[in-house]
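Asks: Here you go, one structure.
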Amino acid sequence: MPELPEVETTRRGIAPLVEGKRIASVITRTAGLRWPFPERLDELLAGQTIFTVQRRAKYLLLRCDDGSLILHLGMSGHLRVVPQISPAGRHDHVDLVFADGSCLRFNDPRRFGALLWTADDPLRHPLLAGLGPEPFDAAQNGDYLHRLSRGRKAPVKAFIMDQQVVVGVGNIYASEALFRAGIAPGRAAGRVGLARYRLLSTVIREVLGEAIAAGGTTIRDFSGSDGRPGYFAIQLQVYGRSGKPCPRCGEAICQSRIGQRSTYFCRACQR
Ligand code: ZN
């Protein structure tokens, strides 16, 4: 599933290829993905220019003259910019066709993605309005996490994966960040102290920043019909390494389930 680093890489990949381009028409090859496409999408978008591509959590916001397209890649979505005449594949559900003959093509085999339109501020759209701060925002800091977590009995791993707390900390990144911060994933969020939240806040940025940096090598793959950037991962220290030696102390990495998600940690290094 595309996580925040892949979505940010997608943004960086497509932005220079679509910003400033005028939409000539829209081709849809299905009625919708997770939700139906907006009615009269072609009429709505024809003639509008995409002036910027932004990201909020895992949503891409294509800001146009009269409003914004909100895209979500779901479980398997992928965007690329190709000549419109290149043949569409089976899962190429939408083309935003530009006046210059290129198109932004949305491929999504599992169809959990989304393409929505709003004429209002997209950040206030119901899907986005309740989201917590971006991991790289100054508002995502140890004092904030500490304050918000007081009295919470949920495991700290579930707390940092809660999109209303902070966006973008997926399952793999949560395990890795907690290992780097030396915090046991099952510990109650309300029982982690301020100094440890300050460290955790920093390592969340580090882990996601490293994954975005890893994605940088695939940015050129967003143009061209055969390019498909792989989803990439940071050097994993605990995730998926059950029974293997902890890179710090050599004890076997443990696996458990927290909130139905596989969780990996070192009993000796994480308290
Ligand atoms: Zn260890």
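The chains in the structure tokens are called A, B, ... from first to last as shown; in each chain the residues are counted from 1, and the ligands are counted from 1 in the order shown.
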So that I can see what lies close to Trp35 in chain A, please list as a PyMOL selection string the residues with an atom at most 10 Å from it, counting only C-alpha atoms and leaving out residues fewer than 6 positions away in the same chain.
Replies: chain A and resi 111-116
Asks: Just all heavy atoms for this one: save the residues we selected as a CSV table (one decimal), in the first residue's frame.
Replies:
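Output below, filename result.csv:
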chain,number,residue,atom,x,y,z
A,111,ARG,N,-8.7,-0.8,-6.9
A,111,ARG,CA,-9.8,0.2,-7.0
A,111,ARG,C,-10.3,0.7,-5.6
A,111,ARG,O,-11.4,0.9,-5.4
A,111,ARG,CB,-11.0,-0.4,-7.7
A,111,ARG,CG,-10.6,-0.7,-9.2
A,111,ARG,CD,-11.7,-1.4,-9.9
A,111,ARG,NE,-12.9,-0.5,-10.0
A,111,ARG,CZ,-13.7,-0.5,-11.0
A,111,ARG,NH1,-13.6,-1.4,-12.0
A,111,ARG,NH2,-14.8,0.3,-11.0
A,112,PHE,N,-9.3,0.8,-4.7
A,112,PHE,CA,-9.6,1.5,-3.4
A,112,PHE,C,-9.2,3.0,-3.4
A,112,PHE,O,-9.3,3.6,-2.4
A,112,PHE,CB,-8.9,0.8,-2.3
A,112,PHE,CG,-9.6,-0.5,-1.8
A,112,PHE,CD1,-9.0,-1.7,-2.2
A,112,PHE,CD2,-10.7,-0.5,-1.0
A,112,PHE,CE1,-9.6,-2.9,-1.8
A,112,PHE,CE2,-11.3,-1.7,-0.6
A,112,PHE,CZ,-10.8,-2.9,-1.0
A,113,GLY,N,-8.7,3.4,-4.5
A,113,GLY,CA,-8.3,4.8,-4.7
A,113,GLY,C,-9.5,5.7,-4.8
A,113,GLY,O,-10.7,5.3,-4.7
A,114,ALA,N,-9.2,7.0,-4.9
A,114,ALA,CA,-10.3,8.0,-4.9
A,114,ALA,C,-9.9,9.2,-5.8
A,114,ALA,O,-8.8,9.5,-5.9
A,114,ALA,CB,-10.7,8.5,-3.5
A,115,LEU,N,-11.0,9.7,-6.5
A,115,LEU,CA,-10.8,10.9,-7.2
A,115,LEU,C,-12.1,11.8,-6.9
A,115,LEU,O,-13.2,11.4,-7.3
A,115,LEU,CB,-10.7,10.7,-8.8
A,115,LEU,CG,-10.4,11.9,-9.6
A,115,LEU,CD1,-9.7,11.5,-10.9
A,115,LEU,CD2,-11.7,12.6,-10.0
A,116,LEU,N,-11.9,12.8,-6.2
A,116,LEU,CA,-13.0,13.7,-5.8
A,116,LEU,C,-12.7,15.1,-6.2
A,116,LEU,O,-11.6,15.5,-6.5
A,116,LEU,CB,-13.1,13.6,-4.2
A,116,LEU,CG,-13.3,12.2,-3.6
A,116,LEU,CD1,-13.1,12.2,-2.1
A,116,LEU,CD2,-14.7,11.6,-4.0
Asks: Select the residues contacting ligand 1 at a distance of at most 12 Å, based on only C-alpha atoms and all ligand atoms, then format the selection as a short mmCIF file (atom, residue, chain, number, x, y, z; two decimals) with all heavy atoms, in the first residue's frame.
Replies:
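pocket.cif was written with the following content:
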data_model
loop_
_atom_site.label_atom_id
_atom_site.label_comp_id
_atom_site.auth_asym_id
_atom_site.auth_seq_id
_atom_site.Cartn_x
_atom_site.Cartn_y
_atom_site.Cartn_z
N LEU A 178 9.62 3.39 16.86
CA LEU A 178 9.62 3.02 18.28
C LEU A 178 10.90 2.28 18.65
O LEU A 178 11.42 2.45 19.76
CB LEU A 178 8.37 2.19 18.61
CG LEU A 178 7.07 3.01 18.61
CD1 LEU A 178 5.86 2.09 18.54
CD2 LEU A 178 6.99 3.91 19.84
N PHE A 179 11.42 1.49 17.73
CA PHE A 179 12.71 0.83 18.00
C PHE A 179 13.81 1.88 18.16
O PHE A 179 14.59 1.85 19.11
CB PHE A 179 13.06 -0.15 16.88
CG PHE A 179 14.43 -0.75 17.05
CD1 PHE A 179 14.67 -1.72 18.01
CD2 PHE A 179 15.50 -0.33 16.25
CE1 PHE A 179 15.94 -2.27 18.19
CE2 PHE A 179 16.77 -0.86 16.42
CZ PHE A 179 17.00 -1.83 17.40
N ARG A 180 13.86 2.82 17.24
CA ARG A 180 14.92 3.84 17.31
C ARG A 180 14.80 4.68 18.58
O ARG A 180 15.81 5.14 19.11
CB ARG A 180 14.85 4.77 16.10
CG ARG A 180 15.23 4.08 14.81
CD ARG A 180 15.40 5.10 13.71
NE ARG A 180 15.50 4.45 12.41
CZ ARG A 180 15.78 5.09 11.28
NH1 ARG A 180 15.98 6.39 11.29
NH2 ARG A 180 15.86 4.43 10.15
N ALA A 181 13.56 4.89 19.03
CA ALA A 181 13.36 5.70 20.24
C ALA A 181 13.47 4.87 21.52
O ALA A 181 13.45 5.44 22.63
CB ALA A 181 11.99 6.38 20.18
N GLY A 182 13.59 3.53 21.38
CA GLY A 182 13.73 2.68 22.56
C GLY A 182 12.46 2.55 23.38
O GLY A 182 12.50 2.30 24.59
N ILE A 183 11.30 2.74 22.72
CA ILE A 183 10.02 2.69 23.43
C ILE A 183 9.28 1.39 23.06
O ILE A 183 9.13 1.09 21.87
CB ILE A 183 9.15 3.91 23.07
CG1 ILE A 183 9.85 5.21 23.46
CG2 ILE A 183 7.77 3.81 23.72
CD1 ILE A 183 9.18 6.47 22.92
N ALA A 184 8.82 0.65 24.08
CA ALA A 184 8.08 -0.58 23.82
C ALA A 184 6.73 -0.23 23.18
O ALA A 184 6.00 0.61 23.71
CB ALA A 184 7.86 -1.35 25.12
N GLN A 237 15.14 -2.25 10.60
CA GLN A 237 15.91 -2.81 11.72
C GLN A 237 15.13 -3.86 12.50
O GLN A 237 15.72 -4.78 13.04
CB GLN A 237 16.35 -1.68 12.64
CG GLN A 237 17.31 -0.72 11.93
CD GLN A 237 17.94 0.26 12.89
OE1 GLN A 237 17.33 1.24 13.29
NE2 GLN A 237 19.17 -0.02 13.27
N VAL A 238 13.80 -3.69 12.58
CA VAL A 238 12.99 -4.67 13.31
C VAL A 238 11.84 -5.23 12.48
O VAL A 238 11.49 -6.41 12.63
CB VAL A 238 12.42 -4.09 14.64
CG1 VAL A 238 13.53 -3.92 15.66
CG2 VAL A 238 11.65 -2.79 14.43
N GLY A 243 12.54 -13.10 15.30
CA GLY A 243 13.48 -14.19 15.57
C GLY A 243 14.91 -13.88 15.17
O GLY A 243 15.85 -14.55 15.59
N LYS A 244 15.10 -12.84 14.38
CA LYS A 244 16.46 -12.47 13.96
C LYS A 244 17.09 -11.59 15.03
O LYS A 244 16.40 -10.99 15.85
CB LYS A 244 16.41 -11.73 12.62
CG LYS A 244 15.78 -12.55 11.52
CD LYS A 244 16.35 -12.20 10.15
CE LYS A 244 15.92 -13.19 9.09
NZ LYS A 244 14.78 -12.74 8.28
N PRO A 245 18.42 -11.49 15.04
CA PRO A 245 19.07 -10.72 16.11
C PRO A 245 18.81 -9.22 16.01
O PRO A 245 18.83 -8.64 14.93
CB PRO A 245 20.56 -11.02 15.93
CG PRO A 245 20.71 -11.55 14.56
CD PRO A 245 19.40 -12.16 14.15
N CYS A 246 18.54 -8.61 17.16
CA CYS A 246 18.40 -7.16 17.24
C CYS A 246 19.71 -6.52 16.80
O CYS A 246 20.77 -6.91 17.27
CB CYS A 246 18.07 -6.77 18.68
SG CYS A 246 18.24 -5.00 19.01
N PRO A 247 19.65 -5.52 15.90
CA PRO A 247 20.90 -4.91 15.42
C PRO A 247 21.66 -4.17 16.53
O PRO A 247 22.84 -3.88 16.38
CB PRO A 247 20.45 -3.95 14.33
CG PRO A 247 18.98 -3.79 14.49
CD PRO A 247 18.47 -4.99 15.22
N ARG A 248 20.98 -3.90 17.63
CA ARG A 248 21.64 -3.16 18.70
C ARG A 248 22.21 -4.09 19.78
O ARG A 248 23.33 -3.91 20.21
CB ARG A 248 20.64 -2.18 19.33
CG ARG A 248 21.29 -1.10 20.17
CD ARG A 248 20.26 -0.05 20.60
NE ARG A 248 19.73 0.72 19.49
CZ ARG A 248 18.57 1.37 19.51
NH1 ARG A 248 17.79 1.32 20.58
NH2 ARG A 248 18.18 2.06 18.47
N CYS A 249 21.43 -5.10 20.21
CA CYS A 249 21.88 -5.94 21.34
C CYS A 249 22.02 -7.41 21.01
O CYS A 249 22.57 -8.17 21.80
CB CYS A 249 20.93 -5.76 22.53
SG CYS A 249 19.36 -6.64 22.30
N GLY A 250 21.52 -7.86 19.86
CA GLY A 250 21.67 -9.26 19.48
C GLY A 250 20.57 -10.20 19.96
O GLY A 250 20.49 -11.34 19.52
N GLU A 251 19.71 -9.72 20.86
CA GLU A 251 18.57 -10.55 21.29
C GLU A 251 17.61 -10.76 20.11
O GLU A 251 17.58 -9.94 19.17
CB GLU A 251 17.79 -9.83 22.41
CG GLU A 251 18.52 -9.71 23.74
CD GLU A 251 18.56 -11.04 24.51
OE1 GLU A 251 17.51 -11.68 24.59
OE2 GLU A 251 19.66 -11.40 24.98
N ALA A 252 16.82 -11.82 20.20
CA ALA A 252 15.88 -12.10 19.10
C ALA A 252 14.76 -11.05 19.07
O ALA A 252 14.21 -10.69 20.11
CB ALA A 252 15.28 -13.50 19.27
N ILE A 253 14.45 -10.58 17.88
CA ILE A 253 13.34 -9.63 17.70
C ILE A 253 12.02 -10.36 17.94
O ILE A 253 11.84 -11.49 17.49
CB ILE A 253 13.36 -9.05 16.26
CG1 ILE A 253 14.64 -8.26 15.99
CG2 ILE A 253 12.11 -8.20 15.97
CD1 ILE A 253 14.80 -6.99 16.78
N CYS A 254 11.12 -9.72 18.68
CA CYS A 254 9.81 -10.31 19.00
C CYS A 254 8.76 -9.78 18.04
O CYS A 254 8.89 -8.68 17.49
CB CYS A 254 9.37 -9.91 20.41
SG CYS A 254 10.51 -10.44 21.67
N TYR A 264 6.79 -5.40 15.56
CA TYR A 264 8.09 -6.00 15.81
C TYR A 264 8.87 -5.11 16.76
O TYR A 264 8.86 -3.89 16.62
CB TYR A 264 8.86 -6.17 14.48
CG TYR A 264 8.13 -7.07 13.50
CD1 TYR A 264 7.17 -6.55 12.63
CD2 TYR A 264 8.40 -8.43 13.46
CE1 TYR A 264 6.49 -7.36 11.75
CE2 TYR A 264 7.74 -9.26 12.56
CZ TYR A 264 6.78 -8.72 11.71
OH TYR A 264 6.11 -9.53 10.83
N PHE A 265 9.57 -5.75 17.69
CA PHE A 265 10.30 -4.95 18.68
C PHE A 265 11.34 -5.81 19.38
O PHE A 265 11.33 -7.04 19.26
CB PHE A 265 9.32 -4.35 19.70
CG PHE A 265 8.57 -5.37 20.52
CD1 PHE A 265 8.94 -5.67 21.81
CD2 PHE A 265 7.49 -6.05 19.96
CE1 PHE A 265 8.25 -6.63 22.56
CE2 PHE A 265 6.80 -7.01 20.69
CZ PHE A 265 7.18 -7.30 21.98
N CYS A 266 12.23 -5.17 20.11
CA CYS A 266 13.23 -5.86 20.91
C CYS A 266 12.87 -5.66 22.39
O CYS A 266 12.79 -4.53 22.86
CB CYS A 266 14.63 -5.30 20.63
SG CYS A 266 15.86 -6.01 21.74
N ARG A 267 12.67 -6.78 23.08
CA ARG A 267 12.30 -6.71 24.49
C ARG A 267 13.39 -6.06 25.34
O ARG A 267 13.10 -5.43 26.36
CB ARG A 267 12.07 -8.11 25.04
CG ARG A 267 10.63 -8.55 24.98
CD ARG A 267 10.45 -9.86 25.74
NE ARG A 267 9.59 -10.76 24.99
CZ ARG A 267 8.28 -10.59 24.85
NH1 ARG A 267 7.67 -9.58 25.38
NH2 ARG A 267 7.57 -11.45 24.15
N ALA A 268 14.62 -6.24 24.91
CA ALA A 268 15.73 -5.71 25.73
C ALA A 268 15.96 -4.22 25.50
O ALA A 268 16.26 -3.48 26.43
CB ALA A 268 17.01 -6.50 25.39
N CYS A 269 15.81 -3.77 24.27
CA CYS A 269 16.13 -2.37 23.94
C CYS A 269 14.96 -1.42 24.08
O CYS A 269 15.16 -0.20 24.10
CB CYS A 269 16.64 -2.27 22.49
SG CYS A 269 18.21 -3.10 22.22
N GLN A 270 13.74 -1.96 24.13
CA GLN A 270 12.57 -1.07 24.15
C GLN A 270 11.80 -1.25 25.44
O GLN A 270 11.43 -2.35 25.80
CB GLN A 270 11.68 -1.37 22.94
CG GLN A 270 12.34 -0.99 21.63
CD GLN A 270 11.54 -1.40 20.40
OE1 GLN A 270 11.89 -2.34 19.71
NE2 GLN A 270 10.45 -0.70 20.13
N ARG A 271 11.60 -0.14 26.14
CA ARG A 271 10.93 -0.20 27.45
C ARG A 271 9.71 0.70 27.46
O ARG A 271 9.68 1.69 26.76
CB ARG A 271 11.90 0.27 28.56
CG ARG A 271 13.13 -0.61 28.68
CD ARG A 271 12.71 -1.98 29.18
NE ARG A 271 13.78 -2.93 29.05
CZ ARG A 271 14.24 -3.69 30.05
NH1 ARG A 271 13.75 -3.55 31.25
NH2 ARG A 271 15.16 -4.57 29.83
#
Asks: Would you mind telling me which residue in A:Val203, A:Leu4, A:Leu79, A:Val94 lies nearest to Gln140 in chain A when using only C-alpha atoms?
Replies: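 Checking each of A:Val203, A:Leu4, A:Leu79, A:Val94 against Gln140 in chain A, counting only C-alpha atoms, the winner is A:Val203.
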Asks: Using only C-alpha atoms, which protein or nucleic acid residues come within 8 Å of Ser201 in chain A? Drop anything in the same chain fewer than 2 positions from it, and give the result as a PDB file with C-alpha atoms, in the first residue's frame.
Replies:
ATOM      1  CA  GLN A 140       4.372  17.652  15.382  1.00  0.00           C
ATOM      2  CA  ASN A 141       6.732  17.799  18.347  1.00  0.00           C
ATOM      3  CA  GLY A 142       7.376  16.040  21.624  1.00  0.00           C
ATOM      4  CA  LEU A 145       2.535  14.273  21.533  1.00  0.00           C
ATOM      5  CA  TYR A 197       8.129  11.817  23.178  1.00  0.00           C
ATOM      6  CA  ARG A 198      10.640  14.454  22.091  1.00  0.00           C
ATOM      7  CA  LEU A 199      12.920  11.686  20.850  1.00  0.00           C
ATOM      8  CA  VAL A 203      12.784   9.755  14.890  1.00  0.00           C
ATOM      9  CA  ILE A 204       9.346   9.809  13.202  1.00  0.00           C
ATOM     10  CA  ARG A 205      10.699  12.613  11.003  1.00  0.00           C
TER      11      ARG A 205
END
Asks: Could you pull out the alpha helix (DSSP H) residues of range 194-270 of chain A, going by DSSP on the backbone, and write them as a PyMOL selection string?
Replies: chain A and resi 194-215
Asks: Would you export the selected residues with C-alpha atoms as a PDB file, in the first residue's frame, please?
Replies:
ATOM      1  CA  LEU A 194       8.072  14.048  27.715  1.00  0.00           C
ATOM      2  CA  ALA A 195      11.757  13.388  26.967  1.00  0.00           C
ATOM      3  CA  ARG A 196      10.858  10.134  25.230  1.00  0.00           C
ATOM      4  CA  TYR A 197       8.129  11.817  23.178  1.00  0.00           C
ATOM      5  CA  ARG A 198      10.640  14.454  22.091  1.00  0.00           C
ATOM      6  CA  LEU A 199      12.920  11.686  20.850  1.00  0.00           C
ATOM      7  CA  LEU A 200      10.019   9.833  19.244  1.00  0.00           C
ATOM      8  CA  SER A 201       8.887  12.963  17.407  1.00  0.00           C
ATOM      9  CA  THR A 202      12.399  13.370  15.990  1.00  0.00           C
ATOM     10  CA  VAL A 203      12.784   9.755  14.890  1.00  0.00           C
ATOM     11  CA  ILE A 204       9.346   9.809  13.202  1.00  0.00           C
ATOM     12  CA  ARG A 205      10.699  12.613  11.003  1.00  0.00           C
ATOM     13  CA  GLU A 206      13.932  10.719  10.434  1.00  0.00           C
ATOM     14  CA  VAL A 207      12.284   7.457   9.407  1.00  0.00           C
ATOM     15  CA  LEU A 208       9.797   9.109   7.026  1.00  0.00           C
ATOM     16  CA  GLY A 209      12.475  11.446   5.703  1.00  0.00           C
ATOM     17  CA  GLU A 210      14.745   8.506   4.882  1.00  0.00           C
ATOM     18  CA  ALA A 211      11.918   6.753   3.043  1.00  0.00           C
ATOM     19  CA  ILE A 212      11.186   9.893   1.003  1.00  0.00           C
ATOM     20  CA  ALA A 213      14.882  10.199   0.204  1.00  0.00           C
ATOM     21  CA  ALA A 214      14.895   6.548  -0.938  1.00  0.00           C
ATOM     22  CA  GLY A 215      11.988   7.364  -3.262  1.00  0.00           C
TER      23      GLY A 215
END
Asks: Could you check the closest approach to Gly168 in chain A for each of A:Leu73, A:Ile27, A:Ala57, A:Ala154 and tell me which residue wins, using only C-alpha atoms?
Replies: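 Looking only at the distances to Gly168 in chain A, the closest residue turns out to be A:Ala57.
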